[in-house]
file entry-v3.cif (mmCIF, C-alpha atoms and all ligand atoms)
data_start
loop_
_atom_site.group_PDB
_atom_site.id
_atom_site.type_symbol
_atom_site.label_atom_id
_atom_site.label_comp_id
_atom_site.auth_asym_id
_atom_site.auth_seq_id
_atom_site.Cartn_x
_atom_site.Cartn_y
_atom_site.Cartn_z
ATOM 1 C CA MET V 328 77.002 32.440 56.095
ATOM 2 C CA THR V 329 75.982 29.440 58.125
ATOM 3 C CA THR V 330 77.104 29.152 61.710
ATOM 4 C CA THR V 331 79.630 26.507 60.760
ATOM 5 C CA GLU V 332 81.241 28.684 58.093
ATOM 6 C CA ALA V 333 81.231 31.693 60.393
ATOM 7 C CA ARG V 334 83.000 29.565 62.978
ATOM 8 C CA SER V 335 85.670 28.091 60.762
ATOM 9 C CA PHE V 336 89.098 29.459 61.659
ATOM 10 C CA ASN V 337 90.548 28.355 58.329
ATOM 11 C CA SER V 338 87.677 29.792 56.245
ATOM 12 C CA LEU V 339 87.849 33.148 58.006
ATOM 13 C CA LEU V 340 91.588 33.343 57.394
ATOM 14 C CA ALA V 341 91.203 32.204 53.785
ATOM 15 C CA ALA V 342 88.646 34.990 53.302
ATOM 16 C CA GLY V 343 91.309 37.479 54.341
ATOM 17 C CA ARG V 344 89.954 38.318 57.771
ATOM 18 C CA VAL V 345 92.232 39.553 60.525
ATOM 19 C CA LEU V 346 91.068 37.893 63.732
ATOM 20 C CA ILE V 347 91.235 39.372 67.208
ATOM 21 C CA ALA V 348 92.064 36.916 69.968
ATOM 22 C CA ASP V 349 91.388 37.526 73.648
ATOM 23 C CA GLY V 350 93.780 38.691 76.386
ATOM 24 C CA ALA V 351 95.114 37.060 79.521
ATOM 25 C CA THR V 352 93.364 34.487 81.659
ATOM 26 C CA GLY V 353 95.470 34.197 84.829
ATOM 27 C CA THR V 354 96.252 37.856 85.475
ATOM 28 C CA ASN V 355 92.598 38.839 84.950
ATOM 29 C CA TYR V 356 91.385 36.121 87.323
ATOM 30 C CA GLN V 357 93.804 37.550 89.916
ATOM 31 C CA THR V 358 92.255 41.001 89.442
ATOM 32 C CA MET V 359 88.818 39.378 89.749
ATOM 33 C CA GLY V 360 89.756 37.944 93.125
ATOM 34 C CA MET V 361 91.333 34.558 92.484
ATOM 35 C CA GLU V 362 93.414 33.626 95.505
ATOM 36 C CA PRO V 363 97.176 33.525 94.977
ATOM 37 C CA GLY V 364 98.419 29.974 94.584
ATOM 38 C CA LEU V 365 95.205 28.703 93.013
ATOM 39 C CA ALA V 366 95.497 27.235 89.515
ATOM 40 C CA PRO V 367 93.168 29.041 87.064
ATOM 41 C CA GLU V 368 91.633 25.648 86.168
ATOM 42 C CA GLU V 369 90.294 25.387 89.736
ATOM 43 C CA TRP V 370 88.039 28.352 88.941
ATOM 44 C CA LEU V 371 86.242 26.194 86.372
ATOM 45 C CA PHE V 372 84.622 24.494 89.357
ATOM 46 C CA GLU V 373 84.898 27.071 92.137
ATOM 47 C CA ALA V 374 83.874 30.197 90.226
ATOM 48 C CA PRO V 375 82.439 29.148 86.837
ATOM 49 C CA GLU V 376 80.376 32.365 86.609
ATOM 50 C CA ARG V 377 83.591 34.421 86.738
ATOM 51 C CA VAL V 378 85.151 32.275 84.012
ATOM 52 C CA VAL V 379 82.156 32.937 81.753
ATOM 53 C CA GLU V 380 82.182 36.625 82.749
ATOM 54 C CA LEU V 381 85.762 37.080 81.519
ATOM 55 C CA HIS V 382 85.035 35.293 78.223
ATOM 56 C CA ARG V 383 81.985 37.575 77.752
ATOM 57 C CA ALA V 384 84.045 40.666 78.547
ATOM 58 C CA PHE V 385 86.562 39.784 75.829
ATOM 59 C CA ILE V 386 83.792 39.116 73.311
ATOM 60 C CA ALA V 387 82.133 42.436 74.214
ATOM 61 C CA ALA V 388 85.516 44.119 73.702
ATOM 62 C CA GLY V 389 85.671 42.794 70.153
ATOM 63 C CA ALA V 390 87.422 39.427 70.367
ATOM 64 C CA ASP V 391 86.671 36.936 67.579
ATOM 65 C CA ILE V 392 88.388 34.134 69.506
ATOM 66 C CA VAL V 393 88.441 33.224 73.196
ATOM 67 C CA LEU V 394 90.791 30.631 74.644
ATOM 68 C CA THR V 395 89.643 27.998 77.118
ATOM 69 C CA CYS V 396 90.970 28.075 80.670
ATOM 70 C CA THR V 397 93.024 24.930 80.102
ATOM 71 C CA PHE V 398 96.565 26.241 79.776
ATOM 72 C CA GLY V 399 97.632 23.987 82.664
ATOM 73 C CA ALA V 400 95.348 21.092 81.814
ATOM 74 C CA THR V 401 97.542 18.503 80.188
ATOM 75 C CA PRO V 402 97.302 15.398 82.365
ATOM 76 C CA LEU V 403 101.007 15.803 83.223
ATOM 77 C CA ARG V 404 100.562 19.329 84.539
ATOM 78 C CA LEU V 405 97.359 18.460 86.413
ATOM 79 C CA THR V 406 99.108 15.689 88.362
ATOM 80 C CA GLU V 407 100.814 18.401 90.403
ATOM 81 C CA GLY V 408 97.550 19.781 91.832
ATOM 82 C CA PRO V 409 94.075 19.064 93.178
ATOM 83 C CA LEU V 410 92.666 18.282 89.710
ATOM 84 C CA ALA V 411 94.972 15.302 89.171
ATOM 85 C CA GLY V 412 93.375 12.550 87.114
ATOM 86 C CA ARG V 413 90.506 14.767 85.917
ATOM 87 C CA THR V 414 91.854 15.819 82.504
ATOM 88 C CA ARG V 415 88.723 14.934 80.550
ATOM 89 C CA GLU V 416 86.357 16.599 82.992
ATOM 90 C CA VAL V 417 88.466 19.773 83.292
ATOM 91 C CA ASN V 418 88.799 20.223 79.533
ATOM 92 C CA LEU V 419 85.158 19.427 78.773
ATOM 93 C CA ARG V 420 84.012 21.916 81.378
ATOM 94 C CA ALA V 421 86.365 24.642 80.156
ATOM 95 C CA ALA V 422 85.123 24.174 76.583
ATOM 96 C CA GLU V 423 81.535 24.366 77.779
ATOM 97 C CA LEU V 424 82.102 27.582 79.780
ATOM 98 C CA ALA V 425 84.040 29.192 76.923
ATOM 99 C CA ARG V 426 81.182 28.424 74.544
ATOM 100 C CA GLN V 427 78.719 29.968 77.007
ATOM 101 C CA GLY V 428 80.835 33.125 77.043
ATOM 102 C CA ALA V 429 81.578 33.223 73.317
ATOM 103 C CA GLY V 430 78.110 32.416 72.023
ATOM 104 C CA SER V 431 77.483 30.412 68.880
ATOM 105 C CA ASP V 432 79.082 32.740 66.326
ATOM 106 C CA ARG V 433 82.529 33.393 67.808
ATOM 107 C CA LEU V 434 85.443 30.993 67.882
ATOM 108 C CA VAL V 435 86.496 29.009 70.917
ATOM 109 C CA ALA V 436 90.134 27.909 70.904
ATOM 110 C CA GLY V 437 91.228 25.089 73.151
ATOM 111 C CA SER V 438 94.431 26.112 74.926
ATOM 112 C CA LEU V 439 97.172 23.533 75.529
ATOM 113 C CA GLY V 440 100.188 24.796 77.473
ATOM 114 C CA PRO V 441 103.520 23.151 78.221
ATOM 115 C CA THR V 442 103.554 19.967 80.278
ATOM 116 C CA GLY V 443 105.776 21.761 82.784
ATOM 117 C CA GLN V 444 108.392 19.037 82.515
ATOM 118 C CA LEU V 445 111.812 19.294 80.973
ATOM 119 C CA ILE V 446 112.547 17.028 78.086
ATOM 120 C CA GLU V 447 115.024 14.167 78.290
ATOM 121 C CA PRO V 448 117.906 14.181 79.149
ATOM 122 C CA TYR V 449 117.400 17.366 81.255
ATOM 123 C CA GLY V 450 114.184 16.006 82.734
ATOM 124 C CA LEU V 451 111.731 13.149 82.493
ATOM 125 C CA LEU V 452 109.649 14.152 79.483
ATOM 126 C CA SER V 453 109.883 11.600 76.685
ATOM 127 C CA ARG V 454 108.273 11.697 73.271
ATOM 128 C CA GLU V 455 105.882 8.934 74.258
ATOM 129 C CA THR V 456 104.585 10.616 77.434
ATOM 130 C CA ALA V 457 104.297 14.019 75.748
ATOM 131 C CA VAL V 458 102.395 12.673 72.742
ATOM 132 C CA ALA V 459 99.987 10.766 74.988
ATOM 133 C CA ALA V 460 99.416 13.788 77.239
ATOM 134 C CA TYR V 461 98.614 16.204 74.401
ATOM 135 C CA ALA V 462 96.436 13.599 72.708
ATOM 136 C CA GLU V 463 94.359 13.118 75.847
ATOM 137 C CA GLN V 464 93.837 16.851 76.335
ATOM 138 C CA ALA V 465 93.105 17.539 72.650
ATOM 139 C CA GLN V 466 90.555 14.739 72.527
ATOM 140 C CA ALA V 467 88.606 16.203 75.470
ATOM 141 C CA LEU V 468 88.723 19.751 74.062
ATOM 142 C CA HIS V 469 87.566 18.495 70.666
ATOM 143 C CA GLU V 470 84.749 16.558 72.276
ATOM 144 C CA GLY V 471 83.848 19.706 74.243
ATOM 145 C CA GLY V 472 83.156 21.514 70.971
ATOM 146 C CA VAL V 473 86.079 23.914 70.511
ATOM 147 C CA ASP V 474 86.688 25.278 66.996
ATOM 148 C CA LEU V 475 90.476 25.138 66.966
ATOM 149 C CA LEU V 476 93.359 24.107 69.192
ATOM 150 C CA VAL V 477 96.290 26.273 70.290
ATOM 151 C CA VAL V 478 99.492 24.779 71.664
ATOM 152 C CA GLU V 479 100.953 27.855 73.357
ATOM 153 C CA THR V 480 103.848 29.256 75.399
ATOM 154 C CA ILE V 481 106.164 26.518 74.145
ATOM 155 C CA PHE V 482 109.921 26.818 74.796
ATOM 156 C CA ALA V 483 111.392 23.595 73.403
ATOM 157 C CA VAL V 484 111.206 22.526 69.787
ATOM 158 C CA GLU V 485 110.886 18.841 70.762
ATOM 159 C CA GLU V 486 107.871 19.564 72.938
ATOM 160 C CA ALA V 487 106.259 21.520 70.080
ATOM 161 C CA VAL V 488 106.745 18.658 67.626
ATOM 162 C CA TRP V 489 105.504 16.071 70.132
ATOM 163 C CA ALA V 490 102.510 18.246 71.005
ATOM 164 C CA VAL V 491 101.558 18.496 67.333
ATOM 165 C CA GLU V 492 101.903 14.731 66.963
ATOM 166 C CA GLY V 493 99.704 14.133 70.010
ATOM 167 C CA VAL V 494 97.053 16.669 69.018
ATOM 168 C CA GLN V 495 96.882 15.440 65.429
ATOM 169 C CA SER V 496 96.475 11.831 66.604
ATOM 170 C CA ALA V 497 93.317 12.844 68.478
ATOM 171 C CA SER V 498 91.776 15.696 66.491
ATOM 172 C CA ASP V 499 91.572 17.088 62.976
ATOM 173 C CA LEU V 500 90.711 20.609 64.173
ATOM 174 C CA PRO V 501 92.883 23.500 62.918
ATOM 175 C CA LEU V 502 95.998 23.685 65.101
ATOM 176 C CA VAL V 503 98.028 26.770 66.030
ATOM 177 C CA VAL V 504 101.493 26.452 67.570
ATOM 178 C CA SER V 505 102.738 29.463 69.515
ATOM 179 C CA PHE V 506 106.145 29.837 71.164
ATOM 180 C CA SER V 507 107.236 32.063 74.046
ATOM 181 C CA PHE V 508 110.546 33.849 73.460
ATOM 182 C CA ASP V 509 110.980 34.920 77.050
ATOM 183 C CA MET V 510 114.750 35.471 76.814
ATOM 184 C CA GLY V 511 114.165 38.240 74.273
ATOM 185 C CA THR V 512 114.386 36.756 70.797
ATOM 186 C CA ARG V 513 115.071 33.242 72.040
ATOM 187 C CA THR V 514 113.122 30.878 74.266
ATOM 188 C CA MET V 515 114.516 29.811 77.624
ATOM 189 C CA MET V 516 115.755 26.672 75.854
ATOM 190 C CA GLY V 517 117.742 28.854 73.454
ATOM 191 C CA LEU V 518 115.397 28.279 70.507
ATOM 192 C CA ARG V 519 115.291 30.974 67.806
ATOM 193 C CA ALA V 520 112.047 32.046 66.167
ATOM 194 C CA THR V 521 113.102 30.979 62.670
ATOM 195 C CA ASP V 522 114.028 27.479 63.834
ATOM 196 C CA ALA V 523 110.787 27.178 65.831
ATOM 197 C CA VAL V 524 108.674 28.142 62.825
ATOM 198 C CA GLU V 525 110.596 25.903 60.419
ATOM 199 C CA ALA V 526 110.167 22.915 62.747
ATOM 200 C CA VAL V 527 106.367 23.052 62.908
ATOM 201 C CA ILE V 528 105.269 24.332 59.493
ATOM 202 C CA PRO V 529 106.007 21.033 57.695
ATOM 203 C CA LEU V 530 103.719 19.275 60.215
ATOM 204 C CA GLY V 531 100.642 20.948 58.758
ATOM 205 C CA VAL V 532 99.664 23.685 61.209
ATOM 206 C CA ALA V 533 96.899 26.230 60.573
ATOM 207 C CA ALA V 534 98.957 29.076 62.020
ATOM 208 C CA VAL V 535 102.229 29.625 63.827
ATOM 209 C CA GLY V 536 103.255 32.378 66.178
ATOM 210 C CA THR V 537 104.274 33.738 69.519
ATOM 211 C CA ASN V 538 102.655 34.597 72.833
ATOM 212 C CA CYS V 539 103.753 35.802 76.246
ATOM 213 C CA GLY V 540 107.508 36.479 75.918
ATOM 214 C CA ARG V 541 109.197 39.470 77.497
ATOM 215 C CA SER V 542 108.922 43.109 76.377
ATOM 216 C CA LEU V 543 107.013 44.584 73.451
ATOM 217 C CA ALA V 544 110.323 45.686 71.938
ATOM 218 C CA ASP V 545 111.406 42.044 71.941
ATOM 219 C CA ALA V 546 108.038 41.010 70.510
ATOM 220 C CA ASP V 547 108.567 43.466 67.630
ATOM 221 C CA LEU V 548 111.806 41.681 66.680
ATOM 222 C CA VAL V 549 110.317 38.195 67.105
ATOM 223 C CA VAL V 550 107.260 39.018 64.988
ATOM 224 C CA THR V 551 109.416 40.283 62.117
ATOM 225 C CA GLU V 552 111.476 37.096 62.273
ATOM 226 C CA ILE V 553 108.402 34.827 62.400
ATOM 227 C CA LEU V 554 106.733 36.578 59.461
ATOM 228 C CA ALA V 555 109.858 36.120 57.378
ATOM 229 C CA ALA V 556 110.022 32.403 58.210
ATOM 230 C CA ALA V 557 106.298 31.600 57.997
ATOM 231 C CA GLY V 558 105.792 32.261 54.284
ATOM 232 C CA ASP V 559 102.099 31.798 53.470
ATOM 233 C CA VAL V 560 101.211 30.241 56.831
ATOM 234 C CA PRO V 561 99.110 32.662 58.936
ATOM 235 C CA VAL V 562 100.907 34.208 61.909
ATOM 236 C CA TRP V 563 99.351 34.415 65.414
ATOM 237 C CA VAL V 564 100.667 36.973 67.964
ATOM 238 C CA LYS V 565 99.589 37.453 71.601
ATOM 239 C CA PRO V 566 102.257 39.430 73.455
ATOM 240 C CA ASN V 567 102.225 40.375 77.131
ATOM 241 C CA ALA V 568 101.140 43.908 78.008
ATOM 242 C CA GLY V 569 104.817 44.758 78.346
ATOM 243 C CA VAL V 570 107.018 43.928 81.304
ATOM 244 C CA PRO V 571 105.470 43.425 84.756
ATOM 245 C CA LYS V 572 106.634 45.692 87.582
ATOM 246 C CA ILE V 573 106.006 45.404 91.301
ATOM 247 C CA VAL V 574 104.278 48.576 92.521
ATOM 248 C CA GLY V 575 103.535 48.344 96.237
ATOM 249 C CA ALA V 576 101.732 45.036 96.725
ATOM 250 C CA GLU V 577 100.628 44.816 93.092
ATOM 251 C CA VAL V 578 102.021 43.599 89.813
ATOM 252 C CA VAL V 579 101.496 46.231 87.133
ATOM 253 C CA TYR V 580 102.112 45.669 83.424
ATOM 254 C CA GLU V 581 103.846 48.593 81.723
ATOM 255 C CA ALA V 582 101.785 48.638 78.522
ATOM 256 C CA GLY V 583 98.349 50.181 78.763
ATOM 257 C CA PRO V 584 95.657 49.444 76.174
ATOM 258 C CA GLU V 585 96.831 52.136 73.728
ATOM 259 C CA MET V 586 100.437 50.983 73.742
ATOM 260 C CA LEU V 587 99.573 47.311 73.196
ATOM 261 C CA ALA V 588 97.104 48.282 70.453
ATOM 262 C CA GLU V 589 99.753 50.377 68.694
ATOM 263 C CA HIS V 590 102.063 47.355 68.501
ATOM 264 C CA ALA V 591 99.222 45.015 67.491
ATOM 265 C CA ALA V 592 98.124 47.324 64.662
ATOM 266 C CA ARG V 593 101.701 47.467 63.404
ATOM 267 C CA TYR V 594 101.915 43.669 63.440
ATOM 268 C CA VAL V 595 98.758 43.500 61.328
ATOM 269 C CA ASP V 596 100.262 46.013 58.884
ATOM 270 C CA GLN V 597 103.284 43.728 58.638
ATOM 271 C CA GLY V 598 101.059 40.742 57.831
ATOM 272 C CA VAL V 599 100.070 39.146 61.130
ATOM 273 C CA ARG V 600 96.613 37.560 60.842
ATOM 274 C CA ILE V 601 95.591 36.944 64.453
ATOM 275 C CA VAL V 602 96.371 39.420 67.279
ATOM 276 C CA GLY V 603 95.506 39.528 70.956
ATOM 277 C CA GLY V 604 97.292 39.807 74.274
ATOM 278 C CA CYS V 605 98.871 37.583 76.913
ATOM 279 C CA CYS V 606 99.806 38.304 80.545
ATOM 280 C CA GLY V 607 98.535 41.651 81.812
ATOM 281 C CA SER V 608 96.169 42.266 78.890
ATOM 282 C CA THR V 609 92.609 43.061 79.912
ATOM 283 C CA PRO V 610 89.341 43.455 78.002
ATOM 284 C CA ALA V 611 90.278 47.154 77.720
ATOM 285 C CA HIS V 612 93.455 46.138 75.874
ATOM 286 C CA VAL V 613 91.397 44.011 73.463
ATOM 287 C CA ALA V 614 88.936 46.883 72.955
ATOM 288 C CA ALA V 615 91.865 49.177 72.094
ATOM 289 C CA ILE V 616 93.183 46.604 69.592
ATOM 290 C CA ALA V 617 89.728 46.377 68.001
ATOM 291 C CA ALA V 618 89.554 50.180 67.747
ATOM 292 C CA ALA V 619 93.063 50.379 66.271
ATOM 293 C CA LEU V 620 91.988 47.865 63.613
ATOM 294 C CA GLY V 621 88.960 49.981 62.774
ATOM 295 C CA ARG V 622 86.361 47.619 64.223
HETATM 296 ZN ZN ZN V 701 101.787 35.472 79.168
#
call {"tool": "encode", "arguments": {"input": "entry-v3.cif", "output": "structure tokens"}}
result
Amino acid sequence: MTTTEARSFNSLLAAGRVLIADGATGTNYQTMGMEPGLAPEEWLFEAPERVVELHRAFIAAGADIVLTCTFGATPLRLTEGPLAGRTREVNLRAAELARQGAGSDRLVAGSLGPTGQLIEPYGLLSRETAVAAYAEQAQALHEGGVDLLVVETIFAVEEAVWAVEGVQSASDLPLVVSFSFDMGTRTMMGLRATDAVEAVIPLGVAAVGTNCGRSLADADLVVTEILAAAGDVPVWVKPNAGVPKIVGAEVVYEAGPEMLAEHAARYVDQGVRIVGGCCGSTPAHVAAIAAALGR
């Protein structure tokens, strides 16, 4: 296989491969010493060697896909912090560091998180501003050389649809849309998994799924629902390492590597095509997933 074929998300899925995605960004940076209150994107400039180090650790653990450190890097989200107005630079740099960590034969996925604004009439987010924001971020990630784009941790169906519109206006890369059902089997906006999946599949997405969320028990229910609604469209799942608990001065996630891997392996048995972890999942969690999948 040529490098390009080896790095095609769609070709790998069409060939029947199950792909392992990486684990968390933010919670691992905290463990690695990121100061509380800092946005992970600030580490792209303040600690680029640590950003590459985490990507490398996930690849060494068996990840086929690493996500860029750009979850908070839509221009709308960046306006709240010290990187305001630097969308292009932030996303280009994140893509570059992810490629350094992933090497030339693993996939780099450009991460696009929520704008952080509530949609009209609850807040100020309109279709026009959302589409423009996602287009600007997607364009920079595409230019930075990512292999696919992932709109993730989405709560509102409107924002998902607008994000897809914005991304597709700027890039023809494969696009994954992933929702966070953090109220259990619904998002905080009350959206159900079936309705979320049915809203984005007709838009021509490469995969649909869920990340973050609440407990693994909830994720089990959501995954079953998504698989039923997704039909032939590949399903992407990156759950948290269970529920976080405060132990002394630390936040500890209840699911260790074995427990997360057990759930991930079951999801693959059910038909999920891409598995990884979200908050609280470390390279050890990804290594356990790889082992559970017989890698
Ligand atoms: Zn998460």
call {"tool": "residues_around", "arguments": {"input": "entry-v3.cif", "residues": "Gly343 of chain V", "least_positions_apart": "6", "cutoff": "12 Å", "atoms": "all atoms listed in the file", "output": "VMD selection string"}}
result
chain V and resid 336 to 337 561 595 598 to 601
call {"tool": "residues_around", "arguments": {"input": "entry-v3.cif", "residues": "segment 425-434 of chain V", "least_positions_apart": "6", "cutoff": "9 Å", "atoms": "only C-alpha atoms", "output": "PDB file with C-alpha atoms, keeping the file's coordinate frame"}}
result
ATOM      1  CA  THR V 330      77.104  29.152  61.710  1.00  0.00           C
ATOM      2  CA  THR V 331      79.630  26.507  60.760  1.00  0.00           C
ATOM      3  CA  ALA V 333      81.231  31.693  60.393  1.00  0.00           C
ATOM      4  CA  ARG V 334      83.000  29.565  62.978  1.00  0.00           C
ATOM      5  CA  SER V 335      85.670  28.091  60.762  1.00  0.00           C
ATOM      6  CA  PHE V 336      89.098  29.459  61.659  1.00  0.00           C
ATOM      7  CA  VAL V 378      85.151  32.275  84.012  1.00  0.00           C
ATOM      8  CA  VAL V 379      82.156  32.937  81.753  1.00  0.00           C
ATOM      9  CA  GLU V 380      82.182  36.625  82.749  1.00  0.00           C
ATOM     10  CA  LEU V 381      85.762  37.080  81.519  1.00  0.00           C
ATOM     11  CA  HIS V 382      85.035  35.293  78.223  1.00  0.00           C
ATOM     12  CA  ARG V 383      81.985  37.575  77.752  1.00  0.00           C
ATOM     13  CA  ALA V 384      84.045  40.666  78.547  1.00  0.00           C
ATOM     14  CA  PHE V 385      86.562  39.784  75.829  1.00  0.00           C
ATOM     15  CA  ILE V 386      83.792  39.116  73.311  1.00  0.00           C
ATOM     16  CA  ALA V 390      87.422  39.427  70.367  1.00  0.00           C
ATOM     17  CA  ASP V 391      86.671  36.936  67.579  1.00  0.00           C
ATOM     18  CA  ILE V 392      88.388  34.134  69.506  1.00  0.00           C
ATOM     19  CA  VAL V 393      88.441  33.224  73.196  1.00  0.00           C
ATOM     20  CA  LEU V 394      90.791  30.631  74.644  1.00  0.00           C
ATOM     21  CA  THR V 395      89.643  27.998  77.118  1.00  0.00           C
ATOM     22  CA  CYS V 396      90.970  28.075  80.670  1.00  0.00           C
ATOM     23  CA  GLY V 472      83.156  21.514  70.971  1.00  0.00           C
ATOM     24  CA  VAL V 473      86.079  23.914  70.511  1.00  0.00           C
ATOM     25  CA  ASP V 474      86.688  25.278  66.996  1.00  0.00           C
ATOM     26  CA  LEU V 475      90.476  25.138  66.966  1.00  0.00           C
TER      27      LEU V 475
END
call {"tool": "residues_near_ligand", "arguments": {"input": "entry-v3.cif", "ligand": "ligand ZN 701 (chain V)", "cutoff": "8 Å", "atoms": "all atoms listed in the file", "output": "JSON, numbers by chain"}}
result
{"V": [351, 480, 538, 539, 540, 566, 567, 604, 605, 606, 607]}
call {"tool": "resolve_selection", "arguments": {"input": "entry-v3.cif", "expression": "the PyMOL selection byres (((chain V and resi 479) around 8) and not hetatm)", "output": "VMD selection string"}}
result
chain V and resid 398 438 to 441 477 to 478 480 to 481 503 to 507 537 to 538
call {"tool": "write_last_selection", "arguments": {"input": "entry-v3.cif", "atoms": "C-alpha atoms", "output": "short mmCIF file (atom, residue, chain, number, x, y, z; two decimals), in the frame of the given file"}}
result
data_model
loop_
_atom_site.label_atom_id
_atom_site.label_comp_id
_atom_site.auth_asym_id
_atom_site.auth_seq_id
_atom_site.Cartn_x
_atom_site.Cartn_y
_atom_site.Cartn_z
CA PHE V 398 96.56 26.24 79.78
CA SER V 438 94.43 26.11 74.93
CA LEU V 439 97.17 23.53 75.53
CA GLY V 440 100.19 24.80 77.47
CA PRO V 441 103.52 23.15 78.22
CA VAL V 477 96.29 26.27 70.29
CA VAL V 478 99.49 24.78 71.66
CA THR V 480 103.85 29.26 75.40
CA ILE V 481 106.16 26.52 74.14
CA VAL V 503 98.03 26.77 66.03
CA VAL V 504 101.49 26.45 67.57
CA SER V 505 102.74 29.46 69.52
CA PHE V 506 106.14 29.84 71.16
CA SER V 507 107.24 32.06 74.05
CA THR V 537 104.27 33.74 69.52
CA ASN V 538 102.66 34.60 72.83
#
call {"tool": "atom_distance", "arguments": {"input": "entry-v3.cif", "atom1": "atom CA of Tyr449 of chain V", "atom2": "atom CA of Ala467 of chain V"}}
result
29.4 Å
call {"tool": "resolve_selection", "arguments": {"input": "entry-v3.cif", "expression": "the PyMOL selection byres (((chain V and resi 556) around 9) and not hetatm)", "output": "PyMOL selection string"}}
result
chain V and resi 520-522+524-525+551-555+557-558
call {"tool": "closest_residue", "arguments": {"input": "entry-v3.cif", "among": "V:Pro363, V:Thr397, V:Leu371, V:Pro501", "to": "Ser338 of chain V", "atoms": "all atoms listed in the file"}}
result
V:Pro501
call {"tool": "closest_residue", "arguments": {"input": "entry-v3.cif", "among": "V:Ala348, V:Leu500, V:Leu476, V:Leu403", "to": "Gly437 of chain V", "atoms": "only C-alpha atoms"}}
result
V:Leu476
call {"tool": "atom_distance", "arguments": {"input": "entry-v3.cif", "atom1": "atom CA of Glu585 of chain V", "atom2": "atom CA of Leu543 of chain V"}}
result
12.7 Å
call {"tool": "resolve_selection", "arguments": {"input": "entry-v3.cif", "expression": "the PyMOL selection byres (((chain V and resi 442) around 10) and not hetatm)", "output": "list in words"}}
result
Phe398, Gly399, Ala400, Thr401, Pro402, Leu403, Arg404, Leu405, Leu439, Gly440, Pro441, Gly443, Gln444, Leu445, Ile446, Leu452, Thr456, Ala457, Ala460, Tyr461, Ile481, Glu486 and Ala490 of chain V
call {"tool": "atom_distance", "arguments": {"input": "entry-v3.cif", "atom1": "atom CA of Val535 of chain V", "atom2": "atom CA of Ala523 of chain V"}}
result
9.1 Å
call {"tool": "residues_around", "arguments": {"input": "entry-v3.cif", "residues": "Ile616 of chain V", "least_positions_apart": "2", "cutoff": "10 Å", "atoms": "all atoms listed in the file", "output": "list in words"}}
result
Ile347, Ala348, Ala388, Gly389, Ala390, Pro584, Glu585, Met586, Leu587, Ala588, Glu589, His590, Ala591, Ala592, Val602, Gly603, Gly604, Pro610, Ala611, His612, Val613, Ala614, Ala618, Ala619, Leu620, Gly621 and Arg622 of chain V
call {"tool": "axis_aligned_box", "arguments": {"input": "entry-v3.cif", "around": "segment 350-362 of chain V", "padding_each_side": "4 Å", "output": "JSON"}}
result
{"center_x": 92.5, "center_y": 37.3, "center_z": 85.9, "size_x": 15.4, "size_y": 15.4, "size_z": 27.1}
call {"tool": "residues_around", "arguments": {"input": "entry-v3.cif", "residues": "Gly364 of chain V", "least_positions_apart": "6", "cutoff": "12 Å", "atoms": "all atoms listed in the file", "output": "ChimeraX atom specification"}}
result
/V:353,356-357,370,408-409
call {"tool": "closest_residue", "arguments": {"input": "entry-v3.cif", "among": "V:Thr352, V:Asn418, V:Ser498, V:Thr406", "to": "Arg377 of chain V", "atoms": "all atoms listed in the file"}}
result
V:Thr352
call {"tool": "closest_residue", "arguments": {"input": "entry-v3.cif", "among": "V:Thr414, V:Thr514, V:Ser453, V:Gln495", "to": "Glu368 of chain V", "atoms": "all atoms listed in the file"}}
result
V:Thr414
call {"tool": "closest_residue", "arguments": {"input": "entry-v3.cif", "among": "V:Leu548, V:Leu365, V:Val458, V:Val564", "to": "Val494 of chain V", "atoms": "all atoms listed in the file"}}
result
V:Val458
call {"tool": "closest_residue", "arguments": {"input": "entry-v3.cif", "among": "V:Val562, V:Asp349, V:Arg454, V:Phe508", "to": "Ala617 of chain V", "atoms": "all atoms listed in the file"}}
result
V:Asp349
